[in-house]
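What follows is a short report on a single structure.
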Number of protein chains: 2
Amino acid sequence: METAIAATRKPRERIIEAACDLFRKHGIRGVGVDAIAEAADTNKMTLYRHFGSKDDLVVAWLREVEQAGETAWNELLAAHPNDPMARIQDWVGKAAECAVGDGRGCDMANTAIELTEEGHPARRLIQEFKIRHRERLVQLCRDAGIVEADLLADALYLLVEGARVTRQSVGVQGPCAHFTTVAQAVIRAFAQNNKMGAAAPSLKKAPEKQTVRA
Amino acid sequence: METAIAATRKPRERIIEAACDLFRKHGIRGVGVDAIAEAADTNKMTLYRHFGSKDDLVVAWLREVEQAGETAWNELLAAHPNDPMARIQDWVGKAAECAVGDGRGCDMANTAIELTEEGHPARRLIQEFKIRHRERLVQLCRDAGIVEADLLADALYLLVEGARVTRQSVGVQGPCAHFTTVAQAVIRAFAQNNKMGAAAPSLKKAPEKQTVRA
DNA sequence: TAACTATGGTACAGATCGGTAACATTAGTC
DNA sequence: GACTAATGTTACCGATCTGTACCATAGTTA
């Protein structure tokens, strides 16, 4: 009766796959291990023999998400050899697809929001993943000759992250519908600022004043 | 033994206040009604006499958040009469404070991510709140004479939304540390584009191509 | 004083959750 | 076929959760 997932693969794979689907759809606290085992066409005991706890399964799931991100990134680089600007444009397109997508945003960000516990093992993984993503974005902008590469990278990072969360709160209509246009405008602004001299004082005028509210 | 919240106010107020604190800190599914009642220095029965269910309490909490947002917005407008550009700048500053803040981002967005159920009563409230926020941002940009006010508004919207979620996944260090700089650069770009003619074709060149991924 | 209302306190129902024990069954391997 | 490792099945434990029943108490008003 292998309804949900073909039984040709081993249970561990099927469990991971079911977890990917269900955790993404309903969040972590929104789905129980019983439901995951059933969707994987197996049972709770086998699940617990492969993953010591639900938290372990969450981490394994996020590692899967992480690896999918690595693959996608490498494909992006390979698709445009020696053309960094095309890479950025392609990244914007891919990011737009993600932002619209199935309406559930970024698994990593969503998990960070849901698991508020300070020392949860997933949090370190999420943070490292996001930091790596940001660094790669900076490298992309640097390769494209953008002077303030870190600023453009952070701008693009914040825009896509905002779009993916906005998709969940207001829907496809709304600000995230303008993500591509806005992103390209920002890229153009930074590239244009590039031609006006390396100093580019106009962008860094205001020092960060981070007043933490009470 | 009124430890948590002064018992001078009526139970309903104390319950709302406790819910504001706990829902924000641990999310909705992360805190039970017992804990809320205890933090409000009352008991579960009184809680259920004022709020028919936990979902009702969630909605009441979000209405409180909503009202706080309205108040903050009106204060922002009143602080800079007839000076729309100062309003935008002030908004950026306030948004930066929110983005850093206590590290738990936007209650509305967080709730939209946590409550995946399609017809949940909180979802409509969240959506309407966010749409209203966006419209006000558009009006702000329009008042400032920005030609493509809707685009700048969406850019700022996405940036702050991204910053508030990024604060939770990578921390204060990282992209959200550059929020203010990026936001001001974007504002400058749009304002500069303003001077170059009302048509401003350079920003709207690419039509939205929203490929939904499989 | 009598009646009414809001609240507190306790116990509990019913369900779900994460996790485990014990045993039966299958698949693979020599 | 015999042995072994992996998996399936069932039942259960203890904890937690939302929500309720029941009654006692305090405050207010007529």
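Numbering starts fresh at 1 for the residues of each chain in the structure tokens, the chains themselves are lettered A, B, ... in the order given, and ligands are numbered from 1 as they appear.
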
> chain C residues within 12 Å of chain A, counting only C-alpha atoms (C1' of nucleotides): which ones, as a list of chain:residue names?
Replying inline: C:DT16, C:DC17, C:DG18, C:DG19, C:DT20, C:DA21

>> At a cut-off of 9 Å, using only C-alpha atoms (C1' of nucleotides), what residues contact Val160 of chain A? Leave out same-chain residues fewer than 6 positions from it and give the result as a PyMOL selection string.
In response: (chain A and resi 92+95-96+98-99+176+179+183) or (chain B and resi 158-159+162)

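The list of chain D residues within 12 Å of chain A is DA6, DT7, DG8, DT9 and DT10 of chain D; this uses only C-alpha atoms (C1' of nucleotides).
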
> So which residues touch segment 101-108 of chain A within 9 Å, counting only C-alpha atoms (C1' of nucleotides), skipping near sequence neighbours fewer than 6 positions away, as a ChimeraX atom specification?
Replying inline: /A:23-25,27,62,65-66,122-123,125-127,129-130,161,163-168,171-172 /B:113,116,169,211-214

>> At a cut-off of 12 Å, using only C-alpha atoms (C1' of nucleotides), what residues contact DA5 of chain D? Leave out same-chain residues fewer than 3 positions from it and give the result as an MDAnalysis selection string.
In response: chainID C and resid 26:29

>> Give me, as a PyMOL selection string, the residues of segment 49-164 of chain A that a backbone DSSP run labels alpha helix (DSSP H).
In response: chain A and resi 49-50+54-79+84-100+107-114+121-143+149-164

> For His80 of chain A, which of A:Leu57, A:Val170, A:Ala112, A:Leu140 is the closest residue, counting only C-alpha atoms?
Replying inline: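 Using only C-alpha atoms, His80 of chain A sits closest to A:Leu140.
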
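Between chain A and the candidates B:Ala109, B:Ala149, B:Ile15, B:Val58, the tightest atom-to-atom separation, counting only C-alpha atoms, involves B:Ala109.
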
> Pick from B:Cys141, B:Ile28, B:Met85, B:Ala72: nearest to chain A, with only C-alpha atoms counted?
Replying inline: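 Checking each of B:Cys141, B:Ile28, B:Met85, B:Ala72 against chain A, counting only C-alpha atoms, the winner is B:Ile28.
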
>> Please determine, counting only C-alpha atoms, which residue among A:Glu148, A:Glu70, A:Glu97, A:Asp83 has the shortest atom-to-atom distance to chain B.
In response: A:Glu97

> atom C1' of DA24 of chain D to atom C1' of DG9 of chain C: how many Å, to one decimal?
Replying inline: 8.0 Å
